[in-house]
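K.L.:
So that you have it, the file is structure-v5.txt, and it contains compact mmCIF, C-alpha atoms:
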```txt
# COMPACT_ATOMS: atom_id res chain seq x y z
CA MET A 17 2.92 -31.74 -12.16
CA ASP A 18 1.91 -28.09 -12.78
CA HIS A 19 3.69 -25.01 -11.46
CA SER A 20 1.60 -24.71 -8.28
CA GLU A 21 2.20 -28.37 -7.40
CA VAL A 22 5.93 -27.96 -7.98
CA LEU A 23 5.98 -24.93 -5.65
CA GLN A 24 3.95 -26.73 -3.01
CA GLN A 25 6.25 -29.77 -3.07
CA ALA A 26 9.34 -27.56 -2.88
CA CYS A 27 7.86 -25.77 0.14
CA TYR A 28 7.18 -29.10 1.91
CA VAL A 29 10.77 -30.21 1.32
CA PHE A 30 12.17 -26.84 2.43
CA LEU A 31 10.21 -26.70 5.71
CA ASN A 32 10.77 -30.36 6.55
CA ASP A 33 14.52 -29.96 5.98
CA LEU A 34 14.49 -26.80 8.11
CA ASN A 35 12.66 -28.61 10.92
CA ASP A 36 15.28 -31.38 10.77
CA GLU A 37 18.07 -28.78 11.01
CA ILE A 38 16.37 -27.16 14.01
CA ASN A 39 15.72 -30.49 15.79
CA HIS A 40 19.32 -31.65 15.32
CA SER A 41 20.69 -28.32 16.52
CA SER A 42 18.31 -27.62 19.43
CA ALA A 43 21.10 -27.76 21.97
CA LEU A 44 22.82 -24.87 20.25
CA GLN A 45 19.89 -22.51 20.94
CA LEU A 46 19.87 -21.27 17.34
CA ASP A 47 19.31 -17.57 16.78
CA ASP A 48 17.56 -16.05 13.79
CA GLN A 49 20.84 -15.46 11.89
CA GLU A 50 21.81 -19.12 12.18
CA ILE A 51 18.32 -20.16 11.05
CA PHE A 52 18.64 -17.89 8.04
CA GLN A 53 22.01 -19.44 7.17
CA ARG A 54 20.44 -22.89 7.28
CA CYS A 55 17.62 -21.62 5.03
CA ARG A 56 20.30 -20.45 2.60
CA MET A 57 22.00 -23.83 2.61
CA ILE A 58 18.72 -25.61 1.85
CA ILE A 59 17.84 -23.15 -0.93
CA ASP A 60 21.25 -23.58 -2.58
CA LYS A 61 20.37 -27.23 -3.19
CA GLU A 62 17.32 -26.27 -5.29
CA GLN A 63 17.99 -26.75 -9.00
CA ASN A 64 14.98 -24.88 -10.39
CA PRO A 65 15.85 -21.13 -10.51
CA GLN A 66 12.18 -20.07 -10.50
CA VAL A 67 11.38 -22.20 -7.46
CA LYS A 68 14.53 -20.91 -5.78
CA THR A 69 13.21 -17.34 -6.08
CA TYR A 70 10.03 -18.28 -4.23
CA LEU A 71 11.97 -20.08 -1.50
CA GLU A 72 14.23 -17.05 -1.05
CA ILE A 73 11.18 -14.91 -0.35
CA LEU A 74 9.90 -17.58 2.05
CA SER A 75 13.20 -17.46 3.93
CA GLU A 76 12.85 -13.66 4.17
CA VAL A 77 9.36 -14.07 5.62
CA ILE A 78 10.69 -16.59 8.15
CA ARG A 79 13.49 -14.21 9.09
CA ALA A 80 10.99 -11.37 9.48
CA TYR A 81 8.89 -13.58 11.75
CA LEU A 82 11.85 -14.59 13.91
CA THR A 83 12.99 -10.97 14.29
CA GLY A 84 9.55 -9.61 15.18
CA ARG A 85 8.98 -7.95 11.78
CA ALA A 86 6.15 -10.28 10.80
CA SER A 87 3.42 -11.91 12.83
CA GLU A 88 2.59 -15.60 12.80
CA ASP A 89 -0.54 -14.54 10.89
CA ALA A 90 1.70 -13.19 8.11
CA LEU A 91 3.81 -16.35 8.00
CA ARG A 92 0.72 -18.57 7.83
CA PHE A 93 -0.80 -16.32 5.17
CA TYR A 94 2.28 -16.58 2.98
CA LEU A 95 2.41 -20.36 3.21
CA SER A 96 -1.29 -20.65 2.41
CA GLU A 97 -1.48 -18.13 -0.44
CA GLN A 98 1.86 -18.65 -2.16
CA PHE A 99 2.30 -22.41 -1.73
CA SER A 100 -1.31 -23.61 -1.25
CA ILE A 101 -0.47 -25.25 2.08
CA VAL A 102 -3.71 -26.09 3.86
CA ASN A 103 -4.15 -24.75 7.40
CA GLU A 104 -4.26 -28.23 8.94
CA GLU A 105 -0.70 -28.90 7.77
CA ILE A 106 0.89 -25.55 8.60
CA ASP A 107 1.23 -26.25 12.33
CA GLY A 108 3.44 -29.26 11.73
CA LEU A 109 5.52 -27.55 9.07
CA ILE A 110 6.36 -24.48 11.18
CA HIS A 111 6.54 -26.01 14.67
CA GLY A 112 10.35 -25.79 14.73
CA ILE A 113 10.33 -22.15 13.63
CA VAL A 114 7.67 -21.26 16.22
CA ALA A 115 9.68 -23.00 18.94
CA ILE A 116 12.80 -21.00 18.02
CA LYS A 117 10.76 -17.79 18.06
CA HIS A 118 9.47 -18.53 21.57
CA GLN A 119 13.03 -19.19 22.77
CA SER A 120 14.39 -16.01 21.24
CA SER A 121 14.49 -12.56 22.75
CA HIS A 122 12.27 -11.16 20.02
CA THR A 123 9.03 -11.21 21.97
CA ASP A 124 5.95 -9.38 20.77
CA THR A 125 5.64 -6.22 22.82
CA SER A 126 4.11 -4.22 20.05
CA HIS A 127 0.93 -3.29 21.88
CA SER A 128 0.10 -3.02 25.54
CA ALA A 129 -3.05 -4.36 27.15
CA LEU A 130 -5.77 -1.77 27.70
CA LEU A 131 -7.84 -1.94 30.84
CA SER A 132 -11.42 -1.82 29.58
CA PHE A 133 -13.53 -1.21 26.49
CA ALA A 134 -13.64 2.48 27.39
CA ASP A 135 -9.86 2.62 26.98
CA TYR A 136 -10.12 1.73 23.28
CA PRO A 137 -10.51 4.76 20.98
CA LYS A 138 -12.70 4.14 17.97
CA VAL A 139 -11.09 3.29 14.61
CA SER A 140 -13.18 4.31 11.58
CA VAL A 141 -12.39 2.32 8.43
CA ILE A 142 -13.47 3.84 5.10
CA ILE A 143 -13.65 1.45 2.12
CA THR A 144 -14.42 2.77 -1.37
CA THR A 145 -15.67 0.19 -3.85
CA TYR A 146 -16.77 -0.20 -7.46
CA ASN A 147 -17.55 -3.54 -9.12
CA ARG A 148 -15.13 -5.63 -7.04
CA LYS A 149 -17.41 -7.64 -4.80
CA ALA A 150 -15.02 -10.61 -4.44
CA PHE A 151 -12.16 -8.35 -3.42
CA LEU A 152 -14.46 -6.26 -1.23
CA TYR A 153 -15.57 -9.25 0.82
CA GLN A 154 -11.97 -10.11 1.64
CA ALA A 155 -11.15 -6.49 2.52
CA ILE A 156 -14.07 -6.25 4.97
CA GLN A 157 -13.32 -9.62 6.55
CA SER A 158 -9.69 -8.62 7.10
CA ILE A 159 -10.92 -5.74 9.26
CA LEU A 160 -13.61 -7.67 11.11
CA LYS A 161 -11.02 -10.32 12.06
CA GLN A 162 -8.81 -7.75 13.77
CA ASP A 163 -8.42 -8.28 17.51
CA TYR A 164 -9.05 -4.57 18.13
CA PRO A 165 -12.56 -4.33 19.65
CA TYR A 166 -13.80 -0.86 18.66
CA ILE A 167 -14.00 -0.73 14.86
CA GLU A 168 -16.62 0.72 12.52
CA ILE A 169 -16.42 0.06 8.77
CA THR A 170 -18.09 2.32 6.22
CA VAL A 171 -18.33 0.91 2.69
CA ILE A 172 -19.24 3.48 0.05
CA ASP A 173 -20.38 1.91 -3.22
CA ASP A 174 -19.85 3.99 -6.38
CA CYS A 175 -22.84 2.57 -8.32
CA SER A 176 -21.58 -1.01 -8.69
CA THR A 177 -23.48 -3.28 -11.10
CA ASP A 178 -21.82 -6.59 -10.20
CA GLY A 179 -23.98 -7.64 -7.25
CA THR A 180 -22.12 -5.66 -4.59
CA GLU A 181 -25.41 -4.52 -3.02
CA GLU A 182 -26.62 -8.11 -2.67
CA LEU A 183 -23.27 -9.14 -1.18
CA MET A 184 -23.41 -6.36 1.40
CA HIS A 185 -26.97 -7.19 2.47
CA GLN A 186 -26.47 -10.96 2.54
CA SER A 187 -23.02 -11.06 4.16
CA PHE A 188 -22.96 -7.95 6.33
CA GLY A 189 -26.58 -6.83 6.69
CA GLY A 190 -26.66 -8.09 10.27
CA GLU A 191 -23.18 -6.80 11.18
CA SER A 192 -23.54 -3.73 13.40
CA ARG A 193 -19.93 -2.71 12.72
CA VAL A 194 -20.51 -2.32 8.97
CA ILE A 195 -22.30 0.67 7.37
CA TYR A 196 -23.21 0.51 3.68
CA MET A 197 -23.57 3.69 1.60
CA GLN A 198 -24.62 3.81 -2.06
CA ASN A 199 -24.08 6.66 -4.49
CA GLU A 200 -26.78 7.79 -6.89
CA LYS A 201 -24.13 8.64 -9.49
CA ASN A 202 -20.50 7.69 -10.03
CA SER A 203 -18.19 10.09 -8.17
CA GLY A 204 -14.76 8.45 -8.11
CA PRO A 205 -12.76 7.16 -5.12
CA GLY A 206 -11.41 10.56 -4.00
CA ASN A 207 -14.84 12.14 -3.63
CA ASN A 208 -16.17 8.98 -2.01
CA ARG A 209 -13.48 8.96 0.67
CA ARG A 210 -14.37 12.52 1.61
CA LYS A 211 -18.12 11.79 1.55
CA ALA A 212 -17.85 8.66 3.72
CA PHE A 213 -15.43 10.38 6.12
CA ALA A 214 -17.81 13.34 6.53
CA ALA A 215 -20.74 11.01 7.19
CA HIS A 216 -19.18 8.38 9.47
CA GLY A 217 -15.47 9.03 10.02
CA ASP A 218 -15.86 10.09 13.64
CA GLY A 219 -13.34 7.68 15.17
CA GLU A 220 -10.26 9.04 16.88
CA TYR A 221 -8.29 7.14 14.23
CA VAL A 222 -9.11 6.58 10.55
CA LEU A 223 -7.99 3.97 8.01
CA PHE A 224 -8.72 4.47 4.29
CA LEU A 225 -8.81 1.04 2.62
CA ASP A 226 -9.22 0.34 -1.10
CA ASP A 227 -11.56 -2.53 -1.93
CA ASP A 228 -8.81 -4.66 -3.52
CA ASP A 229 -6.39 -4.51 -0.57
CA TYR A 230 -6.56 -6.22 2.81
CA LEU A 231 -4.83 -6.71 6.17
CA ILE A 232 -3.20 -10.01 7.14
CA ASP A 233 -1.89 -9.25 10.63
CA MET A 234 -4.90 -9.66 12.90
CA ASN A 235 -3.20 -7.58 15.63
CA TYR A 236 -2.27 -4.70 13.38
CA LEU A 237 -4.87 -2.12 14.42
CA SER A 238 -3.99 -2.80 18.07
CA LYS A 239 -0.33 -2.19 17.25
CA ALA A 240 -1.13 0.99 15.33
CA VAL A 241 -3.33 2.48 18.06
CA ASP A 242 -0.73 1.60 20.67
CA PHE A 243 1.92 3.32 18.55
CA HIS A 244 -0.22 6.45 18.41
CA ASN A 245 -0.67 6.32 22.19
CA HIS A 246 3.10 6.28 22.69
CA HIS A 247 3.82 8.93 20.02
CA PRO A 248 1.21 11.70 20.20
CA GLU A 249 3.31 13.87 17.86
CA ILE A 250 2.55 11.72 14.79
CA ALA A 251 -0.19 12.34 12.23
CA PHE A 252 -0.18 8.74 10.98
CA VAL A 253 1.50 5.37 11.33
CA ALA A 254 2.06 2.87 8.49
CA ALA A 255 3.70 -0.53 7.96
CA ASN A 256 5.12 -2.89 5.32
CA VAL A 257 3.10 -5.04 2.92
CA PHE A 258 3.21 -7.93 0.53
CA LEU A 259 2.87 -6.88 -3.10
CA GLU A 260 0.60 -9.37 -4.85
CA PHE A 261 1.37 -9.64 -8.56
CA SER A 262 -1.97 -11.14 -9.48
CA LYS A 263 -1.20 -12.25 -13.05
CA ALA A 264 2.03 -13.99 -12.02
CA LYS A 265 0.42 -15.25 -8.80
CA GLN A 266 3.44 -14.15 -6.81
CA LEU A 267 3.85 -12.32 -3.51
CA LYS A 268 6.87 -10.14 -2.76
CA ILE A 269 7.82 -8.19 0.34
CA SER A 270 7.69 -4.39 0.10
CA SER A 271 9.65 -2.95 3.02
CA LEU A 272 9.65 0.80 3.65
CA GLN A 273 12.94 0.61 5.57
CA LEU A 274 12.17 3.80 7.47
CA SER A 275 12.86 4.95 11.02
CA ARG A 276 10.12 4.53 13.63
CA ILE A 277 9.61 8.31 13.63
CA ILE A 278 10.38 10.71 10.77
CA LYS A 279 10.08 14.43 11.35
CA LYS A 280 7.26 15.97 9.36
CA GLN A 281 9.36 18.56 7.53
CA ASP A 282 11.99 16.00 6.47
CA TYR A 283 9.40 13.60 5.09
CA PHE A 284 7.26 16.33 3.52
CA MET A 285 10.15 17.94 1.64
CA ASN A 286 11.58 14.59 0.46
CA PHE A 287 8.33 12.68 -0.09
CA GLU A 288 8.83 9.86 -2.64
CA LYS A 289 12.50 10.72 -3.08
CA LYS A 290 15.22 8.16 -2.38
CA GLY A 291 15.07 7.08 1.25
CA TYR A 292 11.57 8.54 1.75
CA PRO A 293 9.16 6.16 -0.03
CA LYS A 294 5.40 6.49 0.03
CA PRO A 295 3.59 3.60 1.72
CA SER A 296 1.64 1.37 -0.65
CA SER A 297 -1.70 3.15 -0.96
CA THR A 298 -3.13 3.79 2.53
CA LEU A 299 -3.96 0.19 3.38
CA THR A 300 -1.80 0.05 6.53
CA THR A 301 -1.95 3.74 7.39
CA VAL A 302 -3.88 4.70 10.51
CA PHE A 303 -4.38 8.48 10.57
CA LYS A 304 -5.16 10.61 13.58
CA ARG A 305 -8.57 12.16 12.87
CA GLU A 306 -7.65 15.51 14.37
CA ALA A 307 -4.73 15.71 11.92
CA LEU A 308 -7.08 15.00 8.99
CA MET A 309 -9.41 17.76 10.17
CA ALA A 310 -6.55 20.19 10.74
CA MET A 311 -5.28 19.62 7.20
CA ASP A 312 -8.80 20.44 5.88
CA ILE A 313 -9.79 17.06 4.45
CA LEU A 314 -13.45 18.06 4.10
CA ASN A 315 -12.51 20.74 1.56
CA MET A 316 -10.06 18.69 -0.46
CA ASN A 317 -10.81 18.37 -4.18
CA MET A 318 -8.84 15.13 -4.48
CA VAL A 319 -8.68 12.81 -1.47
CA ASN A 320 -6.07 10.42 -2.89
CA ASP A 321 -3.25 8.79 -0.98
CA ALA A 322 -0.35 11.12 -1.86
CA SER A 323 -2.42 14.21 -1.07
CA ILE A 324 -3.56 12.83 2.28
CA TYR A 325 0.02 12.00 3.23
CA LEU A 326 1.41 15.38 2.20
CA ARG A 327 -1.30 17.37 3.96
CA SER A 328 -0.95 15.22 7.07
CA LEU A 329 2.80 15.88 7.11
CA LEU A 330 2.06 19.59 7.45
CA ILE A 331 0.38 18.70 10.76
CA GLY A 332 2.46 15.96 12.41
CA ASP A 333 5.36 13.53 12.16
CA ALA A 334 5.17 10.09 10.50
CA GLY A 335 5.39 6.78 12.31
CA PHE A 336 6.34 3.37 10.95
CA ILE A 337 5.94 -0.14 12.33
CA ASP A 338 8.43 -2.54 10.78
CA THR A 339 6.00 -5.41 10.25
CA LEU A 340 4.21 -7.08 7.34
CA ALA A 341 0.64 -5.94 7.88
CA GLY A 342 -1.28 -6.18 4.61
CA VAL A 343 -1.46 -7.07 0.91
CA TYR A 344 -1.42 -4.55 -1.91
CA ARG A 345 -2.70 -6.05 -5.15
CA LEU A 346 -1.10 -5.21 -8.49
CA HIS A 347 -3.53 -6.48 -11.09
CA GLY A 348 -3.46 -3.93 -13.92
CA ASP A 349 -6.73 -2.26 -12.95
CA ASN A 350 -5.19 -0.09 -10.23
CA ILE A 351 -5.90 3.59 -10.78
CA THR A 352 -2.18 4.42 -10.65
CA PHE A 353 -1.67 2.45 -13.89
CA ASN A 354 -4.64 3.99 -15.70
CA LEU A 355 -4.43 7.72 -15.08
CA SER A 356 -6.88 9.91 -16.95
CA GLN A 357 -5.85 13.41 -17.98
CA ARG A 358 -8.53 14.85 -15.71
CA PHE A 359 -7.24 12.85 -12.75
CA LEU A 360 -3.70 14.03 -13.43
CA ILE A 361 -4.67 17.70 -13.58
CA GLU A 362 -6.65 17.40 -10.35
CA ASN A 363 -3.60 15.77 -8.78
CA LEU A 364 -1.32 18.62 -9.92
CA GLU A 365 -3.77 21.28 -8.78
CA GLU A 366 -3.97 19.59 -5.37
CA LYS A 367 -0.16 19.70 -5.06
CA LEU A 368 -0.27 23.40 -5.96
CA LEU A 369 -2.78 23.95 -3.14
CA ILE A 370 -0.52 22.04 -0.75
CA LYS A 371 2.43 24.19 -1.81
CA ASN A 372 0.46 27.36 -1.07
CA MET A 373 -0.75 25.98 2.28
CA ALA A 374 2.83 25.19 3.28
CA VAL A 375 3.94 28.76 2.55
CA GLN A 376 0.95 30.73 3.78
CA LYS A 377 -0.07 28.69 6.84
CA TYR A 378 2.98 26.72 7.96
CA GLY A 379 5.90 29.07 7.30
CA TYR A 380 7.71 27.23 4.52
CA HIS A 381 9.87 29.44 2.26
CA GLU A 382 8.34 30.46 -1.08
CA GLN A 383 11.42 29.63 -3.18
CA GLU A 384 11.91 26.31 -1.41
CA MET A 385 8.31 25.34 -2.03
CA THR A 386 8.45 26.45 -5.68
CA GLU A 387 11.34 24.05 -6.20
CA TRP A 388 9.39 21.39 -4.28
CA PHE A 389 6.37 21.85 -6.53
CA ASN A 390 8.43 21.81 -9.73
CA HIS A 391 10.04 18.53 -8.66
CA ASN A 392 6.67 16.95 -7.81
CA ALA A 393 5.04 18.24 -10.99
CA TYR A 394 7.89 16.85 -13.08
CA ASP A 395 7.60 13.42 -11.45
CA THR A 396 3.80 13.38 -11.82
CA ILE A 397 3.76 14.48 -15.46
CA SER A 398 6.65 12.15 -16.36
CA TYR A 399 4.79 9.20 -14.85
CA TYR A 400 1.70 10.07 -16.89
CA LEU A 401 3.63 10.51 -20.15
CA LEU A 402 5.46 7.23 -19.64
CA ASN A 403 2.46 5.12 -18.65
CA SER A 404 -0.85 6.68 -19.64
CA ALA A 405 -0.46 9.27 -22.44
CA LYS A 406 -1.96 7.85 -25.64
CA ASP A 407 -1.17 10.31 -28.44
CA ALA A 408 0.42 13.63 -29.39
CA THR A 409 -2.56 15.56 -28.04
CA ASP A 410 -1.89 14.24 -24.52
CA PHE A 411 1.77 15.20 -24.73
CA LYS A 412 1.06 18.70 -26.05
CA PHE A 413 -1.60 19.31 -23.40
CA MET A 414 0.81 18.43 -20.59
CA TYR A 415 3.60 20.52 -22.11
CA HIS A 416 1.22 23.49 -22.25
CA TRP A 417 0.15 22.96 -18.64
CA ALA A 418 3.79 22.85 -17.49
CA LEU A 419 4.63 26.01 -19.43
CA ASN A 420 1.80 27.89 -17.69
CA HIS A 421 2.27 26.55 -14.14
CA CYS A 422 5.91 25.50 -13.73
CA PRO A 423 7.99 26.91 -16.64
CA PRO A 424 11.36 25.60 -15.37
CA ILE A 425 10.38 21.99 -16.17
CA TYR A 426 8.85 22.74 -19.61
CA ASN A 427 12.03 22.29 -21.69
CA GLN A 428 13.17 19.36 -19.56
CA LEU A 429 9.91 17.49 -20.27
CA ARG A 430 9.99 18.25 -24.00
CA ASN A 431 13.60 17.17 -24.38
CA GLU A 432 13.17 13.98 -22.40
CA PHE A 433 9.94 12.81 -24.04
CA ARG A 434 10.54 13.95 -27.64
CA THR A 435 11.65 10.46 -28.71
CA LYS A 436 8.70 8.78 -27.03
CA LEU A 437 6.27 11.15 -28.75
CA ILE A 438 7.88 10.52 -32.16
CA LYS A 439 7.55 6.75 -31.62
CA LYS A 440 3.87 7.13 -30.77
CA GLN A 441 3.29 9.25 -33.89
CA LEU A 442 5.11 6.71 -36.12
CA LEU A 443 3.11 3.88 -34.58
CA ARG A 444 -0.11 5.75 -35.28
CA ILE A 445 0.89 6.33 -38.94
CA SER A 446 1.82 2.67 -39.30
CA LEU A 447 -1.52 1.61 -37.83
CA LEU A 448 -3.43 3.92 -40.18
CA ARG A 449 -1.58 2.53 -43.18
CA THR A 450 -2.40 -1.00 -42.09
CA LEU A 451 -6.09 -0.12 -41.69
CA LEU A 452 -6.13 1.56 -45.11
CA GLY A 453 -4.44 -1.43 -46.70
CA ARG A 454 -1.34 0.50 -47.84
```
Before anything else, please render the file you have as structure tokens.

P.N.:
Amino acid sequence: MDHSEVLQQACYVFLNDLNDEINHSSALQLDDQEIFQRCRMIIDKEQNPQVKTYLEILSEVIRAYLTGRASEDALRFYLSEQFSIVNEEIDGLIHGIVAIKHQSSHTDTSHSALLSFADYPKVSVIITTYNRKAFLYQAIQSILKQDYPYIEITVIDDCSTDGTEELMHQSFGGESRVIYMQNEKNSGPGNNRRKAFAAHGDGEYVLFLDDDDYLIDMNYLSKAVDFHNHHPEIAFVAANVFLEFSKAKQLKISSLQLSRIIKKQDYFMNFEKKGYPKPSSTLTTVFKREALMAMDILNMNMVNDASIYLRSLLIGDAGFIDTLAGVYRLHGDNITFNLSQRFLIENLEEKLLIKNMAVQKYGYHEQEMTEWFNHNAYDTISYYLLNSAKDATDFKFMYHWALNHCPPIYNQLRNEFRTKLIKKQLLRISLLRTLLGR
């Protein structure tokens, strides 16, 4: 029995035991905490530590479902993707859990019914793609399956050579809600987001989706638009996701653990610090178009996720829906794990522009924003040196850039990364000796 079969069998046993617990305790009107305790008791019987880890995540998904922090779509998705449970069997395996959910007070009031089609503001979805046709198909389908009725998807193809054009024509050529754009030359995802937004991003709300990510809650766009309707002060609303570790074939919950509303200045000044995490990419983030226009998206040099968030937080507050809405893939080809020096410099220059905007246009204090920029520059450069810098030239270039643009962090960077640079130089010498046969 291989690993996937072992996991599947363990899931069957877990859910059947849980159903038995629920059936025998129905008179007690079990609440979600008692269900979670019973999940814990069943998991403690599992002897395989690796399988136990998967079952612990499953129990967290069940708890999220029972407390209104995950939809039934998300629960079904997890069972199907992580344990290879076929759809025809899921109903029987979760019937006890669903019954408890219907008895509980955690009813789904996340979005209110709108009266007519005219009441639905348009949501424009921008998808950038390059040579990922299999992923792209899933991303598009996850939007088309949403219950929200007024959606338009724009796919901008950055000169793919893997059959993406054929896929788009064959699978979506007759779909009026899907627009397909092709570049004549490779421009990169940031430029493509801006280009597609300028051409077709005319919805009242905008979602920027990468081609390797997708939504799993089929009600999510309805929830997000409803959230905007109730909180006009926000610039965007985001949610939680599953992280898919593709090589390990494992899904884990990534929970932002944020308040429903965070004031723009608080989030802007503390962005990506402890207690103020950045949502995974922009896959669950529905932006207000007027906020994107006010923060000058059409003149941005780098339309990447951090920059869009930071600029948006100059305009409005942030909203968060505590629900599992999508899947963010971690497969080694993500741009965040393969930063080029050019990309990094563009990122730093964009943060410098944001700093100046905050001071000159929005009344932030110069000294406060200088400290903000130095902190962000240090984090950005450190990430690059740890993960993407290849040799001494890369290190020296970044040191020189820091000395010219944010001197206070220059010595800190050199002191912290001196050992790492020496190791890279020794490794290079060792490799040369090996190649020369010495």

K.L.:
Find, counting only C-alpha atoms, the residue in A:Tyr153, A:Tyr136, A:Phe93, A:Phe188 that gets nearest to Asp229 in chain A.

P.N.:
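Once distances to Asp229 in chain A are computed over only C-alpha atoms, the minimum belongs to A:Tyr153.
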
K.L.:
Excluding Glu88 in chain A and any residue of its chain fewer than 4 positions from it, enumerate the residues within 12 Å of it, using only C-alpha atoms, and give them as a PyMOL selection string.

P.N.:
chain A and resi 77-84+92-95+106-107+110-111+113-115+117-118+124+232-236+339-341

K.L.:
Residues at most 12 Å from Glu362 in chain A, counting all atoms listed in the file, excluding those fewer than 6 positions away in the same chain, as a list in words?

P.N.:
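Surrounding residues, per the criterion: Gly206, Asn207, Met316, Asn317, Met318, Val319, Asn320, Ser323, Leu355, Ser356, Leu368, Leu369, Ala393, Thr396 and Ile397 of chain A.
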
K.L.:
So, with all atoms listed in the file as the atoms that count, which of A:Phe389, A:Tyr378, A:Tyr394, A:Phe99 lies closest to Glu366 in chain A?

P.N.:
A:Phe389

K.L.:
Using only C-alpha atoms, which of the listed residues (A:Thr301, A:Ser140, A:Gln157, A:Asn286) sits closest to Asn256 in chain A?

P.N.:
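Counting only C-alpha atoms, the residue closest to Asn256 in chain A is A:Thr301.
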
K.L.:
For Gly179 in chain A, which of A:Val22, A:Tyr146, A:Gln119, A:Val67 is the closest residue, counting only C-alpha atoms?

P.N.:
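Smallest distance to Gly179 in chain A is found for A:Tyr146.
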